[in-house]
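Peer 1: So here's input35.cif (mmCIF, N, CA and C atoms and all ligand atoms).
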data_coords
#
loop_
_atom_site.label_atom_id
_atom_site.label_comp_id
_atom_site.auth_asym_id
_atom_site.auth_seq_id
_atom_site.Cartn_x
_atom_site.Cartn_y
_atom_site.Cartn_z
N MET A 14 116.07 153.75 159.56
CA MET A 14 114.97 153.15 158.81
C MET A 14 115.49 152.57 157.49
N GLN A 15 115.00 151.39 157.12
CA GLN A 15 115.60 150.69 155.99
C GLN A 15 114.92 150.98 154.64
N LYS A 16 113.60 150.96 154.64
CA LYS A 16 112.87 151.16 153.38
C LYS A 16 111.39 151.33 153.71
N ILE A 17 110.61 151.71 152.71
CA ILE A 17 109.16 151.65 152.88
C ILE A 17 108.78 150.18 152.78
N GLU A 18 108.27 149.65 153.88
CA GLU A 18 107.92 148.23 153.92
C GLU A 18 106.59 148.00 153.21
N HIS A 19 105.62 148.85 153.56
CA HIS A 19 104.34 148.77 152.84
C HIS A 19 103.56 150.07 153.00
N ILE A 20 102.56 150.20 152.16
CA ILE A 20 101.61 151.31 152.29
C ILE A 20 100.26 150.70 152.62
N GLY A 21 99.64 151.19 153.67
CA GLY A 21 98.35 150.68 154.12
C GLY A 21 97.22 151.53 153.54
N ILE A 22 96.25 150.88 152.93
CA ILE A 22 95.15 151.59 152.29
C ILE A 22 93.83 151.15 152.92
N ALA A 23 93.10 152.11 153.45
CA ALA A 23 91.81 151.82 154.08
C ALA A 23 90.74 151.67 153.00
N VAL A 24 90.02 150.56 153.05
CA VAL A 24 88.96 150.33 152.06
C VAL A 24 87.65 149.95 152.77
N LYS A 25 86.55 150.22 152.08
CA LYS A 25 85.25 149.88 152.67
C LYS A 25 84.91 148.42 152.47
N ASN A 26 85.28 147.91 151.30
CA ASN A 26 84.92 146.54 150.96
C ASN A 26 86.18 145.80 150.50
N LEU A 27 86.68 144.93 151.37
CA LEU A 27 87.96 144.28 151.11
C LEU A 27 87.91 143.38 149.87
N LYS A 28 86.77 142.72 149.69
CA LYS A 28 86.64 141.80 148.56
C LYS A 28 86.74 142.56 147.23
N GLU A 29 86.00 143.66 147.17
CA GLU A 29 86.03 144.46 145.94
C GLU A 29 87.39 145.08 145.71
N ALA A 30 87.96 145.63 146.79
CA ALA A 30 89.27 146.29 146.66
C ALA A 30 90.34 145.27 146.26
N THR A 31 90.23 144.05 146.80
CA THR A 31 91.22 143.03 146.46
C THR A 31 91.16 142.67 144.98
N SER A 32 89.96 142.53 144.44
CA SER A 32 89.92 142.16 143.03
C SER A 32 90.37 143.33 142.15
N ARG A 33 90.11 144.55 142.61
CA ARG A 33 90.59 145.72 141.87
C ARG A 33 92.12 145.80 141.91
N TYR A 34 92.69 145.54 143.07
CA TYR A 34 94.16 145.60 143.19
C TYR A 34 94.85 144.43 142.50
N LYS A 35 94.15 143.30 142.38
CA LYS A 35 94.68 142.20 141.58
C LYS A 35 94.84 142.64 140.13
N GLN A 36 93.84 143.39 139.66
CA GLN A 36 93.91 143.89 138.28
C GLN A 36 95.00 144.95 138.16
N LEU A 37 95.03 145.87 139.13
CA LEU A 37 95.98 146.97 139.08
C LEU A 37 97.42 146.47 139.08
N LEU A 38 97.72 145.54 139.99
CA LEU A 38 99.10 145.11 140.18
C LEU A 38 99.47 143.91 139.32
N GLY A 39 98.47 143.20 138.82
CA GLY A 39 98.73 142.04 137.99
C GLY A 39 99.26 140.85 138.76
N ILE A 40 99.00 140.79 140.06
CA ILE A 40 99.44 139.66 140.88
C ILE A 40 98.33 139.27 141.86
N GLU A 41 98.48 138.09 142.43
CA GLU A 41 97.57 137.62 143.46
C GLU A 41 98.09 138.08 144.84
N PRO A 42 97.20 138.33 145.77
CA PRO A 42 97.67 138.64 147.14
C PRO A 42 98.34 137.40 147.74
N TYR A 43 99.29 137.60 148.64
CA TYR A 43 99.97 136.44 149.24
C TYR A 43 99.45 136.12 150.63
N LYS A 44 98.63 137.02 151.17
CA LYS A 44 98.19 136.76 152.53
C LYS A 44 96.92 137.53 152.86
N THR A 45 96.02 136.88 153.58
CA THR A 45 94.86 137.53 154.18
C THR A 45 94.93 137.28 155.67
N GLU A 46 94.74 138.31 156.45
CA GLU A 46 94.91 138.13 157.88
C GLU A 46 93.90 138.97 158.65
N TRP A 47 93.40 138.40 159.72
CA TRP A 47 92.52 139.12 160.61
C TRP A 47 93.32 139.54 161.83
N VAL A 48 93.47 140.85 162.05
CA VAL A 48 94.17 141.34 163.24
C VAL A 48 93.10 141.70 164.27
N GLU A 49 92.85 140.77 165.14
CA GLU A 49 91.73 140.89 166.06
C GLU A 49 91.88 142.11 166.97
N SER A 50 93.11 142.36 167.44
CA SER A 50 93.34 143.47 168.38
C SER A 50 93.00 144.82 167.76
N GLU A 51 93.07 144.94 166.43
CA GLU A 51 92.79 146.21 165.76
C GLU A 51 91.42 146.20 165.07
N SER A 52 90.70 145.10 165.18
CA SER A 52 89.43 144.94 164.46
C SER A 52 89.59 145.25 162.98
N VAL A 53 90.56 144.60 162.39
CA VAL A 53 90.90 144.87 161.00
C VAL A 53 91.14 143.56 160.26
N ARG A 54 90.66 143.50 159.03
CA ARG A 54 91.03 142.40 158.16
C ARG A 54 91.94 142.97 157.07
N THR A 55 93.02 142.26 156.76
CA THR A 55 94.00 142.80 155.82
C THR A 55 94.28 141.81 154.69
N VAL A 56 94.64 142.37 153.55
CA VAL A 56 95.12 141.57 152.42
C VAL A 56 96.44 142.20 151.98
N PHE A 57 97.45 141.37 151.78
CA PHE A 57 98.77 141.87 151.39
C PHE A 57 99.15 141.44 149.98
N PHE A 58 99.67 142.41 149.23
CA PHE A 58 100.27 142.14 147.93
C PHE A 58 101.77 142.42 148.03
N GLN A 59 102.56 141.52 147.51
CA GLN A 59 104.01 141.70 147.53
C GLN A 59 104.48 142.21 146.18
N LEU A 60 105.10 143.38 146.19
CA LEU A 60 105.77 143.86 144.98
C LEU A 60 107.24 143.51 145.11
N ASP A 61 108.07 144.10 144.28
CA ASP A 61 109.48 143.74 144.31
C ASP A 61 110.09 143.98 145.70
N HIS A 62 110.06 145.23 146.15
CA HIS A 62 110.72 145.56 147.41
C HIS A 62 109.76 146.14 148.45
N SER A 63 108.50 146.16 148.13
CA SER A 63 107.54 146.73 149.07
C SER A 63 106.20 146.03 148.91
N LYS A 64 105.28 146.40 149.76
CA LYS A 64 103.98 145.72 149.77
C LYS A 64 102.85 146.74 149.81
N ILE A 65 101.70 146.27 149.42
CA ILE A 65 100.47 147.04 149.59
C ILE A 65 99.60 146.26 150.57
N GLU A 66 99.11 146.94 151.59
CA GLU A 66 98.23 146.32 152.58
C GLU A 66 96.86 146.97 152.47
N LEU A 67 95.86 146.19 152.12
CA LEU A 67 94.49 146.70 152.11
C LEU A 67 93.88 146.41 153.47
N LEU A 68 93.18 147.38 154.04
CA LEU A 68 92.63 147.24 155.39
C LEU A 68 91.14 147.51 155.39
N GLU A 69 90.40 146.59 155.97
CA GLU A 69 88.95 146.74 156.12
C GLU A 69 88.59 146.59 157.59
N ALA A 70 87.72 147.45 158.08
CA ALA A 70 87.26 147.37 159.46
C ALA A 70 86.37 146.15 159.65
N THR A 71 86.49 145.48 160.80
CA THR A 71 85.58 144.38 161.09
C THR A 71 84.49 144.79 162.09
N ASP A 72 84.61 146.00 162.67
CA ASP A 72 83.51 146.56 163.45
C ASP A 72 83.62 148.08 163.49
N ASN A 73 82.61 148.73 164.06
CA ASN A 73 82.54 150.20 164.05
C ASN A 73 83.62 150.87 164.88
N GLN A 74 84.18 150.13 165.84
CA GLN A 74 85.18 150.71 166.73
C GLN A 74 86.59 150.63 166.15
N SER A 75 86.71 149.94 165.04
CA SER A 75 88.02 149.78 164.41
C SER A 75 88.60 151.13 164.00
N PRO A 76 89.91 151.32 164.17
CA PRO A 76 90.55 152.56 163.70
C PRO A 76 90.29 152.80 162.21
N ILE A 77 90.13 151.72 161.46
CA ILE A 77 89.88 151.87 160.01
C ILE A 77 88.47 152.40 159.78
N ALA A 78 87.51 151.95 160.57
CA ALA A 78 86.14 152.48 160.44
C ALA A 78 86.12 153.96 160.74
N ARG A 79 86.83 154.36 161.79
CA ARG A 79 86.86 155.79 162.16
C ARG A 79 87.58 156.62 161.10
N PHE A 80 88.64 156.06 160.55
CA PHE A 80 89.38 156.76 159.49
C PHE A 80 88.48 157.01 158.28
N ILE A 81 87.77 155.96 157.83
CA ILE A 81 86.93 156.08 156.64
C ILE A 81 85.77 157.04 156.89
N GLU A 82 85.25 157.00 158.10
CA GLU A 82 84.18 157.92 158.46
C GLU A 82 84.63 159.38 158.33
N LYS A 83 85.86 159.64 158.77
CA LYS A 83 86.39 161.01 158.74
C LYS A 83 86.89 161.43 157.37
N LYS A 84 87.63 160.55 156.72
CA LYS A 84 88.37 160.94 155.52
C LYS A 84 87.98 160.20 154.26
N GLY A 85 87.19 159.13 154.40
CA GLY A 85 86.89 158.30 153.24
C GLY A 85 88.02 157.32 152.99
N GLU A 86 87.86 156.52 151.95
CA GLU A 86 88.90 155.55 151.63
C GLU A 86 90.18 156.27 151.22
N GLY A 87 91.31 155.61 151.40
CA GLY A 87 92.56 156.21 150.96
C GLY A 87 93.75 155.71 151.73
N ILE A 88 94.88 156.37 151.54
CA ILE A 88 96.11 155.95 152.23
C ILE A 88 95.95 156.16 153.72
N HIS A 89 96.09 155.08 154.46
CA HIS A 89 95.90 155.12 155.91
C HIS A 89 97.22 155.27 156.64
N HIS A 90 98.25 154.58 156.18
CA HIS A 90 99.57 154.73 156.81
C HIS A 90 100.68 154.32 155.86
N ILE A 91 101.87 154.78 156.19
CA ILE A 91 103.08 154.33 155.50
C ILE A 91 103.94 153.62 156.53
N ALA A 92 104.37 152.43 156.20
CA ALA A 92 105.15 151.62 157.14
C ALA A 92 106.61 151.57 156.70
N TYR A 93 107.49 151.88 157.64
CA TYR A 93 108.92 151.81 157.40
C TYR A 93 109.49 150.62 158.15
N ALA A 94 110.37 149.90 157.47
CA ALA A 94 111.02 148.75 158.10
C ALA A 94 112.23 149.20 158.89
N THR A 95 112.40 148.57 160.03
CA THR A 95 113.60 148.77 160.82
C THR A 95 114.01 147.41 161.36
N ASP A 96 115.30 147.23 161.65
CA ASP A 96 115.70 145.97 162.27
C ASP A 96 115.87 146.12 163.78
N ASP A 97 115.56 147.33 164.27
CA ASP A 97 115.64 147.54 165.72
C ASP A 97 114.57 148.55 166.14
N ILE A 98 113.36 148.04 166.28
CA ILE A 98 112.22 148.93 166.51
C ILE A 98 112.36 149.68 167.84
N LEU A 99 112.92 149.02 168.85
CA LEU A 99 113.04 149.67 170.16
C LEU A 99 113.95 150.90 170.10
N SER A 100 115.07 150.79 169.43
CA SER A 100 115.96 151.94 169.40
C SER A 100 115.40 153.04 168.50
N GLU A 101 114.66 152.68 167.44
CA GLU A 101 114.01 153.70 166.61
C GLU A 101 112.93 154.43 167.41
N MET A 102 112.18 153.68 168.22
CA MET A 102 111.14 154.31 169.05
C MET A 102 111.78 155.30 170.02
N LYS A 103 112.87 154.88 170.61
CA LYS A 103 113.57 155.73 171.56
C LYS A 103 114.11 156.98 170.85
N ARG A 104 114.71 156.77 169.70
CA ARG A 104 115.30 157.88 168.94
C ARG A 104 114.22 158.89 168.55
N LEU A 105 113.10 158.39 167.99
CA LEU A 105 112.06 159.30 167.51
C LEU A 105 111.36 160.00 168.66
N SER A 106 111.13 159.26 169.74
CA SER A 106 110.50 159.87 170.89
C SER A 106 111.37 161.00 171.46
N SER A 107 112.69 160.80 171.47
CA SER A 107 113.58 161.85 171.98
C SER A 107 113.61 163.06 171.06
N LEU A 108 113.21 162.87 169.79
CA LEU A 108 113.15 164.00 168.85
C LEU A 108 111.78 164.69 168.87
N GLY A 109 110.89 164.20 169.73
CA GLY A 109 109.60 164.85 169.88
C GLY A 109 108.47 164.23 169.08
N PHE A 110 108.72 163.10 168.41
CA PHE A 110 107.64 162.43 167.70
C PHE A 110 106.69 161.80 168.70
N ARG A 111 105.38 161.87 168.36
CA ARG A 111 104.37 161.34 169.29
C ARG A 111 104.09 159.87 168.98
N LEU A 112 104.64 158.99 169.78
CA LEU A 112 104.42 157.56 169.59
C LEU A 112 103.05 157.17 170.14
N LEU A 113 102.31 156.37 169.39
CA LEU A 113 100.96 156.00 169.80
C LEU A 113 100.94 154.76 170.69
N ASN A 114 102.03 154.02 170.71
CA ASN A 114 102.14 152.97 171.72
C ASN A 114 103.54 153.00 172.31
N ASP A 115 103.60 152.74 173.62
CA ASP A 115 104.89 152.88 174.29
C ASP A 115 105.72 151.61 174.23
N LYS A 116 105.07 150.50 173.79
CA LYS A 116 105.81 149.26 173.57
C LYS A 116 105.45 148.75 172.18
N PRO A 117 106.37 148.07 171.51
CA PRO A 117 106.01 147.47 170.22
C PRO A 117 104.89 146.46 170.42
N LYS A 118 103.97 146.40 169.47
CA LYS A 118 102.91 145.39 169.60
C LYS A 118 102.87 144.51 168.36
N ALA A 119 102.18 143.38 168.49
CA ALA A 119 102.10 142.44 167.38
C ALA A 119 101.19 143.00 166.30
N GLY A 120 101.71 143.14 165.10
CA GLY A 120 100.92 143.62 163.98
C GLY A 120 100.71 142.51 162.97
N ALA A 121 100.13 142.85 161.83
CA ALA A 121 99.89 141.87 160.78
C ALA A 121 101.21 141.45 160.14
N ASP A 122 101.19 140.31 159.49
CA ASP A 122 102.30 139.86 158.65
C ASP A 122 103.60 139.65 159.45
N ASN A 123 103.48 139.07 160.62
CA ASN A 123 104.65 138.75 161.46
C ASN A 123 105.54 139.95 161.75
N LYS A 124 104.91 141.00 162.24
CA LYS A 124 105.67 142.21 162.52
C LYS A 124 105.44 142.68 163.95
N LEU A 125 106.48 143.25 164.51
CA LEU A 125 106.31 144.08 165.69
C LEU A 125 106.13 145.49 165.18
N VAL A 126 105.14 146.20 165.69
CA VAL A 126 104.85 147.51 165.13
C VAL A 126 104.71 148.57 166.21
N CYS A 127 104.93 149.82 165.78
CA CYS A 127 104.65 150.97 166.62
C CYS A 127 104.15 152.08 165.69
N PHE A 128 103.10 152.76 166.11
CA PHE A 128 102.54 153.82 165.27
C PHE A 128 102.95 155.20 165.79
N ILE A 129 103.10 156.12 164.86
CA ILE A 129 103.46 157.50 165.19
C ILE A 129 102.34 158.41 164.70
N HIS A 130 101.94 159.32 165.55
CA HIS A 130 100.80 160.18 165.26
C HIS A 130 101.01 160.99 163.98
N PRO A 131 99.97 161.10 163.15
CA PRO A 131 100.08 161.86 161.89
C PRO A 131 100.53 163.32 162.10
N ALA A 132 100.17 163.89 163.25
CA ALA A 132 100.55 165.29 163.50
C ALA A 132 102.06 165.45 163.56
N SER A 133 102.77 164.35 163.85
CA SER A 133 104.23 164.39 163.91
C SER A 133 104.88 164.19 162.55
N ALA A 134 104.09 163.84 161.55
CA ALA A 134 104.71 163.37 160.30
C ALA A 134 103.95 163.84 159.06
N GLY A 135 103.67 165.13 159.02
CA GLY A 135 103.07 165.69 157.81
C GLY A 135 101.70 165.15 157.48
N GLY A 136 100.96 164.77 158.52
CA GLY A 136 99.58 164.34 158.28
C GLY A 136 99.43 162.87 157.92
N ILE A 137 100.53 162.14 157.95
CA ILE A 137 100.46 160.71 157.61
C ILE A 137 100.77 159.87 158.85
N LEU A 138 99.88 158.93 159.13
CA LEU A 138 100.14 157.96 160.19
C LEU A 138 101.33 157.11 159.77
N ILE A 139 102.31 156.97 160.67
CA ILE A 139 103.52 156.21 160.37
C ILE A 139 103.52 154.92 161.18
N GLU A 140 103.87 153.84 160.54
CA GLU A 140 104.05 152.57 161.23
C GLU A 140 105.53 152.18 161.14
N LEU A 141 106.13 151.94 162.28
CA LEU A 141 107.46 151.32 162.28
C LEU A 141 107.23 149.83 162.36
N CYS A 142 107.97 149.05 161.60
CA CYS A 142 107.78 147.61 161.75
C CYS A 142 109.08 146.85 161.65
N GLN A 143 109.15 145.85 162.47
CA GLN A 143 110.30 144.96 162.51
C GLN A 143 109.81 143.55 162.29
N HIS A 144 110.41 142.87 161.34
CA HIS A 144 109.98 141.50 161.05
C HIS A 144 110.38 140.56 162.19
N VAL A 145 109.47 139.69 162.56
CA VAL A 145 109.80 138.65 163.53
C VAL A 145 109.47 137.29 162.92
N GLU A 146 110.23 136.29 163.29
CA GLU A 146 109.96 134.94 162.78
C GLU A 146 108.66 134.42 163.36
N GLU A 147 107.93 133.66 162.57
CA GLU A 147 106.62 133.18 162.98
C GLU A 147 106.68 132.36 164.27
N ALA A 148 107.71 131.54 164.40
CA ALA A 148 107.82 130.65 165.56
C ALA A 148 108.00 131.40 166.87
N SER A 149 108.58 132.61 166.78
CA SER A 149 108.90 133.33 168.01
C SER A 149 107.72 134.16 168.51
N GLN A 150 106.59 134.11 167.82
CA GLN A 150 105.45 134.91 168.25
C GLN A 150 104.66 134.24 169.33
ZN ZN B 1 100.57 148.32 158.10
#
Go ahead and express the file in the form of structure tokens.
Ligand code: ZN

Peer 2:
Amino acid sequence: MQKIEHIGIAVKNLKEATSRYKQLLGIEPYKTEWVESESVRTVFFQLDHSKIELLEATDNQSPIARFIEKKGEGIHHIAYATDDILSEMKRLSSLGFRLLNDKPKAGADNKLVCFIHPASAGGILIELCQHVEEASQ
């Protein structure tokens, strides 16, 4: 694993959270994206070496809606960057980590992603992500 790529924060109201995080970080977000497969709308802020991803549910079935219902707003996941997501998935699975998807899937911000169950990682949902070029998607 290379670094913490971003921290995902579940919010109820993306517009309000975005203006609050603009104040907090002193920068403008660089991207807003709708991830249809996850029923999530995201806003990304780029810091020096890492990012903050704000996540809002777009319907009741969204994992973010269920998370907020159970736990309220807060840190939803920590994403680690890797340049070889397949071998990391294989490595972690062989160590007993519970992978939530058996193949990498397309995530926000031009990433291939795989999630690891919080029970395997101290109560925190983990996202592995590998950057992919936009053209190759
Ligand atoms: Zn993420």

Peer 1: Name all residues at most 8 Å from region 105-116 of chain A (count only N, CA and C atoms; drop same-chain ones fewer than 3 positions away) and give them as a ChimeraX atom specification.

Peer 2: /A:99-102,119,125-134

Peer 1: Which of these, A:Leu141, A:Ile40, A:Ile91, A:Ala78, has the shortest distance to His19 (chain A) once you count only N, CA and C atoms?

Peer 2: A:Ile91

Peer 1: For each of A:Val48, A:Ile20, A:Ile137, A:Met14, take the minimum atom-to-atom distance to ligand ZN 1 (chain B), counting only C-alpha atoms and all ligand atoms, then give the residue where this is smallest.

Peer 2: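 The answer is A:Ile20, which sits nearest to ligand ZN 1 (chain B).
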
Peer 1: Env of Tyr43 (chain A): 8 Å cut, atoms = all atoms listed in the file, seq-sep filter 2 positions within chain, self excluded. Answer as a compact mmCIF listing (two decimals) with N, CA and C atoms, keeping the file's coordinate frame.

Peer 2:
# COMPACT_ATOMS: atom_id res chain seq x y z
N ILE A 40 99.00 140.79 140.06
CA ILE A 40 99.44 139.66 140.88
C ILE A 40 98.33 139.27 141.86
N GLU A 41 98.48 138.09 142.43
CA GLU A 41 97.57 137.62 143.46
C GLU A 41 98.09 138.08 144.84
N THR A 45 96.02 136.88 153.58
CA THR A 45 94.86 137.53 154.18
C THR A 45 94.93 137.28 155.67
N GLU A 46 94.74 138.31 156.45
CA GLU A 46 94.91 138.13 157.88
C GLU A 46 93.90 138.97 158.65
N VAL A 56 94.64 142.37 153.55
CA VAL A 56 95.12 141.57 152.42
C VAL A 56 96.44 142.20 151.98
N PHE A 57 97.45 141.37 151.78
CA PHE A 57 98.77 141.87 151.39
C PHE A 57 99.15 141.44 149.98
N PHE A 58 99.67 142.41 149.23
CA PHE A 58 100.27 142.14 147.93
C PHE A 58 101.77 142.42 148.03
N GLN A 59 102.56 141.52 147.51
CA GLN A 59 104.01 141.70 147.53
C GLN A 59 104.48 142.21 146.18

Peer 1: Using DSSP assignments from the backbone, pull out every residue in region 31-132 of chain A that falls under strand (DSSP E) and give it to me as a PyMOL selection string.

Peer 2: chain A and resi 44-48+53-59+64-70+87-94+118-120+124-129

Peer 1: What separation in Å, quoted to one decimal, exists between atom C of His62 (chain A) and CA of Glu86 (chain A)?

Peer 2: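 Distance reported for this atom pair: 23.1 Å.
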